[in-house]
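For reference, the structure is listed below as structure tokens.
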Amino acid sequence: MSSEETNGFNPTIIGFYCRWCTHAAADLAGTSRIPVSANVIGIRVPCSGRVDPSFIYDAFTKGADGVFIGGCHYGDCHYEDGNYSAFKRTKMLQKVIKEFGIEPERVRIEWISASEANKYKKTLDEFTETIRELGPLNWDKHLQERDYEKSV
Amino acid sequence: METGRIGVFICHCGTNIAGKISIEKLMDFAKTLPFVDAVRDNKYTCSELGQSAIQETIKERNLTHVVVAACSPSMHEKTFRSTVEKAGLNRYMLSICNLREMNTWVTEDNEVSLFKAKKLLAAAVRRVVTQKPLEEEKLPVTSRVVIVGAGIAGIEASLQLANADKEVVLVEREPSIGGQMARFDKTFPTLDCAACILTPKMVDVGQHPNITLMTYSEIEEVSGVPGKYDVKIRKKARSIDEVTCTGCGICEEECPIKKIPSEFYVGLKYRKAVYKPFPQAVPQYPVIDRKNCTYFLKGKCRICEKECPAGSIDFEQEDTFINVEAGALILATGFEPFDPSNIPHYHYGEYDNVFRAIEMETILNSSGPTGGDFFLRKDGKFTDSKPKSVGIIHCVGSRDENYNPYCSRVCCMYSLKYAHLIKERTDATIYQFYIDIRAAGKGYEEFYDRLQKEGVIFIRGKPGKIIKTEKGGQEKLIVQVEDSLTQTPLHVPLDAVILSSALVSRPDAPEVANKFGIGCGSESFFRELHPKLAPVSTQVDGVFLAGACQGPKDIPDTVAQGAAAAAGALSLLSRGYIVNEPTIASIDEDLCSNCKMCISVCPYDAIVEDTEKKVAVLTASKCKGCGLCVAICPSGAIEQAYYSDDAILAEIKGIIETGKLKG
């Protein structure tokens, strides 16, 4: 918590964990008692390729500061090539959100195999720091204000 | 709009959860969540008591949905699905909130952990009301098992299954079965002859009517669904007709190519271009090594063909592919000995008399290069002088953060075995350089005790260096080590040094794991479903593990695991069906715009176009539930059961509405 105390901002980050790799890495981090950033809250998905870009945008509009997607390494996808789809889509989404004024760095995709508990920790801690440096997104409030301006 | 009566069951998990967060506060929070009707806690929710509490509350409060806040879903999701099912709810009206692995075990601060627990719980509660009842499909199981790897683990599994009257296809990459154990002379701690206990089993495998043995073969591809896997096996061209070959060995005798280092004898003996790896090989047919055969290199010779009385030599033979349908698969692909030349300061491969463990097994074997005697080497060749002093260095490549952090479990014991055998055959003074002696096994400590009484010298310390000197034209080695018990630096002069090298995973283990859809754990050993409670199962239904491919282990444990994997496969085959998770996709024809994007992303060709209706149609039995089509559909026409858009969006909502953590 020490680094979190130095800065008042504690980001809310949504994580999408592929059940075959990153979710298992999270379990391994647990059984190995490896401390991990508490800011990222993971949601289990069958494959990183299941992550619809609308989920990411939905997370931002509801008030998330960052979104993380954890999938299998290339060639290791349980469903052959779902991770390729996830990667392509994430890259595209990063371009789109940039047009909206959201920093593309707020979305991160990483390949974390079931055995890589340390990589899981490192990635999540690092990403939390990145988002902390970027500051709060407040996209939910931004949209509310915009809607209010429109209505008057 | 969702509605329901949710029961939230919070597990203390002893102190694993309750020691970190206030269960009381979390329960108070749970009561504020929408549709929550009952909130209960339990010391151990997975226990009989905890499970019956869930069932009673379901009946008492007429619950429609259940959230269990406990450990990871990979641990007890199935357990609790059965719990709610027995109380009359559909299995899929349950959601697991992973409080332990994802929170209390990995969060340092107690308050932060409580806050995260609230977010996780809110997500699970929001999610569960979106869940709909689902029916699990029962898929038939083909009554046949494919076993990959015919070392002692694969052999044991094969025999167990075959004796239970099940059909087994045993696939081995090498020309003979037997694996690493076939190289050993004696086994610890009983010092019984490895060949005497292994070869009868090898013969049984070769002759068993229920076992189809496929040596010199590899798995090319695994497809199909659990319970009905299609395994494509590549049978490499042996250049020998197995039907007519009698295994007489004349071809091998006559072959003029003599100096090919034998793989079986780790390069310490030579073999011919047509060869049987070792005398007790099963099957007895030889194989032509096309890389070294004169006919394949230069287009002439064919001496073996002329001499073969059965006319079994077939130079034109090609690799063939055989498809086998199987209900269960057992991986028993074993280990690889660590190559100590990776450690420069031990000079393995450079100094004549630095040996590695697998060489020692071969040297001490009566069918080895020296007939079981231990002679020193000079310029790469064995001399006729025996060593007077031998040092054995433990933990070479294991328990070493530069190489492998784990303990290889067998090195202490085989080092003791070498000490006994070398002493018996050379009367040399033996030094053991160890970190700790790990003699955990039946009769192991007693064996250690026996060796101490036999006069073996134990020095606690990991040698830093091996220095070479010369004495009378013969190499002399000096081991530099600190005796950590007396804190004395020592220089121990020796004739020979043996490196007790680690057991490592096969270099192609990740590739093999990928073919079977299973995972690799740390250091590329295959990952079991649960380290304690499901040590031979994997995350893929019907795929089992046996032996050292799952982690280093000794022969008794390997045999036990081989039998355990066979039991796992057998219970599946005997039951006759496998349960398929119904978390598959479905297409709403009214919403489909026939853009065909789903067809292009589906890895299983489960979606095709109905050209008449101009819509995409999904075949449920082919769908494996990856959700790729759901994510890509621009019309929102595809929905996935359990992992629905609604469920995932509800989780996001639950997480965010719980507010931000105060800095």
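Order determines the names: the first chain of the structure tokens is A, the second B, and so forth; residues in each chain are numbered 1 upward, and ligands are numbered 1 upward as they are shown.
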
Mind checking DSSP for chain A and telling me the strand (DSSP E or B) residues as a list in words?
-> Ile13, Ile14, Gly15, Phe16, Tyr17, Cys18, Val40, Ile41, Gly42, Ile43, Arg44, Val45, Gly66, Val67, Phe68, Ile69, Gly70, Gly71, Val107, Arg108, Ile109, Glu110 and Trp111 of chain A

With N, CA and C atoms retained, write the just-selected residues as a PDB file, in the first residue's frame.
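Below is the file that was written, selection-v5.pdb:
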ATOM      1  N   ILE A  13      -9.725  -0.803 -11.838  1.00  0.00           N
ATOM      2  CA  ILE A  13      -9.333  -1.447 -13.099  1.00  0.00           C
ATOM      3  C   ILE A  13     -10.099  -2.750 -13.251  1.00  0.00           C
ATOM      4  N   ILE A  14     -10.693  -2.920 -14.429  1.00  0.00           N
ATOM      5  CA  ILE A  14     -11.408  -4.164 -14.718  1.00  0.00           C
ATOM      6  C   ILE A  14     -10.447  -5.093 -15.452  1.00  0.00           C
ATOM      7  N   GLY A  15     -10.352  -6.323 -14.987  1.00  0.00           N
ATOM      8  CA  GLY A  15      -9.514  -7.305 -15.666  1.00  0.00           C
ATOM      9  C   GLY A  15     -10.373  -8.389 -16.303  1.00  0.00           C
ATOM     10  N   PHE A  16     -10.037  -8.781 -17.510  1.00  0.00           N
ATOM     11  CA  PHE A  16     -10.698  -9.937 -18.133  1.00  0.00           C
ATOM     12  C   PHE A  16      -9.659 -11.037 -18.212  1.00  0.00           C
ATOM     13  N   TYR A  17      -9.899 -12.119 -17.467  1.00  0.00           N
ATOM     14  CA  TYR A  17      -8.907 -13.197 -17.399  1.00  0.00           C
ATOM     15  C   TYR A  17      -9.420 -14.418 -18.149  1.00  0.00           C
ATOM     16  N   CYS A  18      -8.658 -14.853 -19.123  1.00  0.00           N
ATOM     17  CA  CYS A  18      -8.972 -16.112 -19.804  1.00  0.00           C
ATOM     18  C   CYS A  18      -8.924 -17.231 -18.770  1.00  0.00           C
ATOM     19  N   VAL A  40      -6.930  -4.158  -9.453  1.00  0.00           N
ATOM     20  CA  VAL A  40      -7.475  -4.862 -10.621  1.00  0.00           C
ATOM     21  C   VAL A  40      -8.442  -5.934 -10.128  1.00  0.00           C
ATOM     22  N   ILE A  41      -9.677  -5.875 -10.599  1.00  0.00           N
ATOM     23  CA  ILE A  41     -10.664  -6.879 -10.212  1.00  0.00           C
ATOM     24  C   ILE A  41     -10.930  -7.734 -11.448  1.00  0.00           C
ATOM     25  N   GLY A  42     -10.666  -9.007 -11.299  1.00  0.00           N
ATOM     26  CA  GLY A  42     -10.733  -9.893 -12.456  1.00  0.00           C
ATOM     27  C   GLY A  42     -12.110 -10.480 -12.708  1.00  0.00           C
ATOM     28  N   ILE A  43     -12.433 -10.600 -13.997  1.00  0.00           N
ATOM     29  CA  ILE A  43     -13.663 -11.277 -14.421  1.00  0.00           C
ATOM     30  C   ILE A  43     -13.222 -12.465 -15.269  1.00  0.00           C
ATOM     31  N   ARG A  44     -13.775 -13.632 -14.969  1.00  0.00           N
ATOM     32  CA  ARG A  44     -13.383 -14.838 -15.713  1.00  0.00           C
ATOM     33  C   ARG A  44     -14.114 -14.896 -17.053  1.00  0.00           C
ATOM     34  N   VAL A  45     -13.391 -15.085 -18.114  1.00  0.00           N
ATOM     35  CA  VAL A  45     -13.993 -15.268 -19.444  1.00  0.00           C
ATOM     36  C   VAL A  45     -13.456 -16.563 -20.044  1.00  0.00           C
ATOM     37  N   GLY A  66      -9.151   1.885 -16.052  1.00  0.00           N
ATOM     38  CA  GLY A  66      -8.312   1.087 -16.938  1.00  0.00           C
ATOM     39  C   GLY A  66      -8.928  -0.287 -17.143  1.00  0.00           C
ATOM     40  N   VAL A  67      -8.539  -0.934 -18.248  1.00  0.00           N
ATOM     41  CA  VAL A  67      -9.028  -2.290 -18.522  1.00  0.00           C
ATOM     42  C   VAL A  67      -7.849  -3.164 -18.917  1.00  0.00           C
ATOM     43  N   PHE A  68      -7.782  -4.323 -18.294  1.00  0.00           N
ATOM     44  CA  PHE A  68      -6.698  -5.256 -18.576  1.00  0.00           C
ATOM     45  C   PHE A  68      -7.272  -6.555 -19.155  1.00  0.00           C
ATOM     46  N   ILE A  69      -6.608  -7.080 -20.173  1.00  0.00           N
ATOM     47  CA  ILE A  69      -7.036  -8.374 -20.740  1.00  0.00           C
ATOM     48  C   ILE A  69      -5.863  -9.341 -20.669  1.00  0.00           C
ATOM     49  N   GLY A  70      -6.078 -10.482 -20.062  1.00  0.00           N
ATOM     50  CA  GLY A  70      -5.031 -11.496 -19.954  1.00  0.00           C
ATOM     51  C   GLY A  70      -5.403 -12.721 -20.771  1.00  0.00           C
ATOM     52  N   GLY A  71      -4.537 -13.085 -21.708  1.00  0.00           N
ATOM     53  CA  GLY A  71      -4.821 -14.243 -22.557  1.00  0.00           C
ATOM     54  C   GLY A  71      -3.623 -15.173 -22.653  1.00  0.00           C
ATOM     55  N   VAL A 107      -5.881   0.733 -21.845  1.00  0.00           N
ATOM     56  CA  VAL A 107      -6.238  -0.650 -22.168  1.00  0.00           C
ATOM     57  C   VAL A 107      -4.935  -1.409 -22.382  1.00  0.00           C
ATOM     58  N   ARG A 108      -4.798  -2.515 -21.694  1.00  0.00           N
ATOM     59  CA  ARG A 108      -3.582  -3.303 -21.882  1.00  0.00           C
ATOM     60  C   ARG A 108      -3.944  -4.767 -22.077  1.00  0.00           C
ATOM     61  N   ILE A 109      -3.283  -5.382 -23.034  1.00  0.00           N
ATOM     62  CA  ILE A 109      -3.482  -6.831 -23.241  1.00  0.00           C
ATOM     63  C   ILE A 109      -2.137  -7.509 -23.058  1.00  0.00           C
ATOM     64  N   GLU A 110      -2.139  -8.625 -22.374  1.00  0.00           N
ATOM     65  CA  GLU A 110      -0.874  -9.307 -22.078  1.00  0.00           C
ATOM     66  C   GLU A 110      -1.107 -10.818 -22.084  1.00  0.00           C
ATOM     67  N   TRP A 111      -0.081 -11.541 -22.511  1.00  0.00           N
ATOM     68  CA  TRP A 111      -0.195 -13.013 -22.516  1.00  0.00           C
ATOM     69  C   TRP A 111       0.445 -13.551 -21.233  1.00  0.00           C
TER      70      TRP A 111
END

When you get a sec, could you note down which chain B residues fall within 8 Å of chain A, using only C-alpha atoms, as a PyMOL selection string?
-> chain B and resi 72+100-103+105-109+112-113+116+119-120+514+517+519-522+603+624-632+643+648-649+651-653+655-656+660-663

Go ahead and write the residues just picked, C-alpha atoms, as a CSV table (one decimal), in the first residue's frame.
chain,number,residue,atom,x,y,z
B,72,SER,CA,-11.3,-20.2,-6.7
B,100,ARG,CA,-9.3,-16.5,-1.4
B,101,GLU,CA,-6.9,-16.9,-4.4
B,102,MET,CA,-7.8,-13.6,-5.9
B,103,ASN,CA,-8.0,-11.6,-2.7
B,105,TRP,CA,-4.0,-14.6,-0.3
B,106,VAL,CA,-2.7,-11.8,-2.5
B,107,THR,CA,-3.7,-8.6,-0.8
B,108,GLU,CA,-1.4,-7.3,2.0
B,109,ASP,CA,-3.6,-4.7,3.7
B,112,VAL,CA,-7.9,-3.0,1.1
B,113,SER,CA,-8.7,-6.7,1.1
B,116,LYS,CA,-11.8,-5.8,-2.8
B,119,LYS,CA,-16.2,-5.5,-5.2
B,120,LEU,CA,-15.8,-9.2,-6.0
B,514,ASN,CA,-0.5,-27.6,-26.6
B,517,GLY,CA,-5.0,-28.7,-24.9
B,519,GLY,CA,-1.2,-26.6,-19.6
B,520,CYS,CA,2.4,-26.6,-18.6
B,521,GLY,CA,3.3,-25.5,-15.1
B,522,SER,CA,6.6,-24.2,-13.9
B,603,PRO,CA,-12.2,-22.3,-35.0
B,624,LYS,CA,-16.7,-25.5,-27.6
B,625,GLY,CA,-17.8,-22.3,-26.0
B,626,CYS,CA,-14.9,-19.9,-26.8
B,627,GLY,CA,-17.2,-17.0,-27.4
B,628,LEU,CA,-15.2,-15.6,-30.4
B,629,CYS,CA,-18.4,-15.4,-32.5
B,630,VAL,CA,-20.3,-13.7,-29.7
B,631,ALA,CA,-17.7,-11.0,-29.4
B,632,ILE,CA,-17.4,-10.4,-33.1
B,643,TYR,CA,-20.8,-16.2,-20.3
B,648,ILE,CA,-20.2,-9.9,-17.9
B,649,LEU,CA,-21.7,-6.4,-18.0
B,651,GLU,CA,-20.0,-8.0,-13.2
B,652,ILE,CA,-18.5,-4.8,-14.5
B,653,LYS,CA,-21.4,-2.9,-12.9
B,655,ILE,CA,-17.3,-3.9,-9.4
B,656,ILE,CA,-17.7,-0.2,-10.3
B,660,LYS,CA,-13.5,3.7,-5.5
B,661,LEU,CA,-11.0,2.8,-3.0
B,662,LYS,CA,-10.0,5.8,-0.9
B,663,GLY,CA,-6.4,6.6,-1.1

Find the residues near A:Thr61: any atom within 8 Å, counting only C-alpha atoms, skip ones fewer than 4 places away on the same chain, and give them as a ChimeraX atom specification.
-> /A:57,139-140,143

Please save N, CA and C atoms of the selected residues as a PDB file, in the first residue's frame.
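Saved as result-v7.pdb:
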ATOM      1  N   TYR A  57     -15.550  -0.525 -23.438  1.00  0.00           N
ATOM      2  CA  TYR A  57     -16.144   0.814 -23.467  1.00  0.00           C
ATOM      3  C   TYR A  57     -17.164   0.962 -22.336  1.00  0.00           C
ATOM      4  N   TRP A 139     -14.758   9.130 -16.985  1.00  0.00           N
ATOM      5  CA  TRP A 139     -15.513   9.131 -18.245  1.00  0.00           C
ATOM      6  C   TRP A 139     -17.015   9.157 -17.973  1.00  0.00           C
ATOM      7  N   ASP A 140     -17.404   8.540 -16.875  1.00  0.00           N
ATOM      8  CA  ASP A 140     -18.822   8.527 -16.518  1.00  0.00           C
ATOM      9  C   ASP A 140     -19.306   9.953 -16.266  1.00  0.00           C
ATOM     10  N   LEU A 143     -19.429  12.026 -19.486  1.00  0.00           N
ATOM     11  CA  LEU A 143     -20.615  11.756 -20.301  1.00  0.00           C
ATOM     12  C   LEU A 143     -21.851  12.428 -19.698  1.00  0.00           C
TER      13      LEU A 143
END

Contacts of B:Ala157 at 12 Å or less, counting only C-alpha atoms, minus same-chain residues fewer than 4 places along, as a compact mmCIF listing (two decimals) with N, CA and C atoms, in the first residue's frame?
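Final file, part-v5.txt:
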# COMPACT_ATOMS: atom_id res chain seq x y z
N VAL B 145 -8.22 -46.33 -25.03
CA VAL B 145 -7.33 -45.33 -24.43
C VAL B 145 -6.05 -45.26 -25.25
N VAL B 146 -5.62 -44.04 -25.56
CA VAL B 146 -4.31 -43.85 -26.19
C VAL B 146 -3.34 -43.40 -25.10
N ILE B 147 -2.24 -44.11 -24.98
CA ILE B 147 -1.22 -43.77 -23.98
C ILE B 147 0.04 -43.32 -24.72
N VAL B 148 0.54 -42.17 -24.34
CA VAL B 148 1.69 -41.61 -25.04
C VAL B 148 2.92 -41.73 -24.15
N GLY B 149 3.88 -42.48 -24.62
CA GLY B 149 5.10 -42.70 -23.84
C GLY B 149 5.08 -44.05 -23.18
N ALA B 150 6.08 -44.89 -23.51
CA ALA B 150 6.09 -46.25 -22.98
C ALA B 150 7.27 -46.49 -22.06
N GLY B 151 7.49 -45.56 -21.15
CA GLY B 151 8.40 -45.82 -20.04
C GLY B 151 7.63 -46.60 -19.01
N ILE B 152 8.15 -46.67 -17.80
CA ILE B 152 7.48 -47.49 -16.79
C ILE B 152 6.07 -46.96 -16.46
N ALA B 153 5.88 -45.64 -16.55
CA ALA B 153 4.55 -45.07 -16.27
C ALA B 153 3.53 -45.52 -17.32
N LEU B 161 -5.00 -51.07 -17.70
CA LEU B 161 -6.20 -50.92 -18.54
C LEU B 161 -6.47 -52.18 -19.35
N ALA B 162 -5.39 -52.73 -19.91
CA ALA B 162 -5.55 -53.91 -20.76
C ALA B 162 -6.07 -55.08 -19.92
N ASN B 163 -5.59 -55.19 -18.69
CA ASN B 163 -6.06 -56.27 -17.82
C ASN B 163 -7.52 -56.07 -17.40
N ALA B 164 -7.99 -54.83 -17.48
CA ALA B 164 -9.40 -54.56 -17.19
C ALA B 164 -10.24 -54.73 -18.46
N LYS B 166 -9.80 -53.35 -21.43
CA LYS B 166 -10.00 -52.17 -22.27
C LYS B 166 -8.93 -52.16 -23.35
N GLU B 167 -9.33 -51.61 -24.48
CA GLU B 167 -8.39 -51.53 -25.60
C GLU B 167 -7.41 -50.39 -25.38
N VAL B 168 -6.13 -50.66 -25.58
CA VAL B 168 -5.10 -49.64 -25.37
C VAL B 168 -4.25 -49.50 -26.62
N VAL B 169 -3.97 -48.26 -27.01
CA VAL B 169 -2.98 -48.02 -28.06
C VAL B 169 -1.83 -47.30 -27.37
N LEU B 170 -0.68 -47.96 -27.34
CA LEU B 170 0.49 -47.40 -26.65
C LEU B 170 1.46 -46.86 -27.70
N LYS B 201 7.55 -56.88 -17.72
CA LYS B 201 6.42 -56.01 -18.02
C LYS B 201 6.45 -55.57 -19.48
N VAL B 205 3.53 -56.22 -22.25
CA VAL B 205 2.94 -55.18 -23.10
C VAL B 205 2.98 -55.63 -24.57
N ILE B 211 -3.43 -54.71 -26.15
CA ILE B 211 -2.55 -53.55 -26.36
C ILE B 211 -2.03 -53.53 -27.80
N ALA B 328 -10.18 -41.73 -23.79
CA ALA B 328 -9.30 -41.09 -22.81
C ALA B 328 -7.87 -41.14 -23.34
N LEU B 329 -7.07 -40.19 -22.89
CA LEU B 329 -5.68 -40.11 -23.31
C LEU B 329 -4.82 -40.01 -22.06
N ILE B 330 -3.72 -40.74 -22.06
CA ILE B 330 -2.79 -40.64 -20.91
C ILE B 330 -1.44 -40.20 -21.44
N LEU B 331 -0.93 -39.12 -20.87
CA LEU B 331 0.39 -38.63 -21.25
C LEU B 331 1.41 -39.14 -20.23
N ALA B 332 2.39 -39.87 -20.73
CA ALA B 332 3.44 -40.40 -19.85
C ALA B 332 4.76 -40.23 -20.58
N VAL B 536 -3.44 -36.61 -11.21
CA VAL B 536 -3.26 -37.22 -12.52
C VAL B 536 -4.28 -36.72 -13.55
N PHE B 544 -5.19 -37.53 -18.99
CA PHE B 544 -4.56 -37.81 -17.71
C PHE B 544 -3.04 -37.77 -17.83
N LEU B 545 -2.38 -37.62 -16.69
CA LEU B 545 -0.92 -37.56 -16.66
C LEU B 545 -0.37 -38.70 -15.80
N ALA B 546 0.81 -39.18 -16.17
CA ALA B 546 1.46 -40.19 -15.33
C ALA B 546 2.96 -40.02 -15.44
N GLY B 547 3.62 -40.12 -14.31
CA GLY B 547 5.08 -40.16 -14.29
C GLY B 547 5.74 -38.80 -14.30
N THR B 558 6.15 -43.17 -9.79
CA THR B 558 5.80 -43.19 -11.20
C THR B 558 4.83 -44.32 -11.50
N VAL B 559 5.14 -45.49 -10.94
CA VAL B 559 4.28 -46.66 -11.16
C VAL B 559 2.90 -46.39 -10.54
N ALA B 560 2.90 -45.80 -9.34
CA ALA B 560 1.63 -45.50 -8.67
C ALA B 560 0.81 -44.54 -9.51
N GLN B 561 1.47 -43.55 -10.08
CA GLN B 561 0.75 -42.59 -10.91
C GLN B 561 0.26 -43.21 -12.20
N GLY B 562 1.06 -44.12 -12.75
CA GLY B 562 0.63 -44.83 -13.96
C GLY B 562 -0.68 -45.57 -13.70
N ALA B 563 -0.72 -46.25 -12.55
CA ALA B 563 -1.93 -47.00 -12.20
C ALA B 563 -3.08 -46.05 -11.90
N ALA B 564 -2.77 -44.91 -11.26
CA ALA B 564 -3.81 -43.93 -10.94
C ALA B 564 -4.42 -43.33 -12.21
N ALA B 565 -3.56 -43.04 -13.18
CA ALA B 565 -4.05 -42.49 -14.44
C ALA B 565 -4.93 -43.52 -15.14
N ALA B 566 -4.52 -44.80 -15.05
CA ALA B 566 -5.32 -45.87 -15.66
C ALA B 566 -6.68 -45.94 -14.97
N ALA B 567 -6.70 -45.77 -13.63
CA ALA B 567 -7.97 -45.81 -12.90
C ALA B 567 -8.86 -44.65 -13.32
N GLY B 568 -8.26 -43.47 -13.51
CA GLY B 568 -9.03 -42.30 -13.96
C GLY B 568 -9.67 -42.56 -15.31
N ALA B 569 -8.87 -43.12 -16.24
CA ALA B 569 -9.38 -43.41 -17.57
C ALA B 569 -10.44 -44.50 -17.50
N LEU B 570 -10.19 -45.48 -16.65
CA LEU B 570 -11.10 -46.61 -16.53
C LEU B 570 -12.47 -46.18 -16.00

So what do you get for atom CA of B:Asp588 versus atom CA of B:Ala637, distance-wise?
-> 5.1 Å

Give me the residues within 8 Å of B:Tyr642 as a PyMOL selection string, counting only C-alpha atoms and dropping any in the same chain fewer than 6 places off.
-> chain B and resi 92+131-132+583

Please produce a file of the residues just selected, as a JSON list (two decimals), in the first residue's frame, where the atoms kept are C-alpha atoms.
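Writing done, so here's part30.json:
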[["chain", "number", "residue", "atom", "x", "y", "z"],
["B", 92, "TYR", "CA", -26.00, -23.16, -13.23],
["B", 131, "GLN", "CA", -27.71, -16.71, -15.14],
["B", 132, "LYS", "CA", -30.24, -19.05, -16.65],
["B", 583, "THR", "CA", -21.67, -22.83, -21.98]]
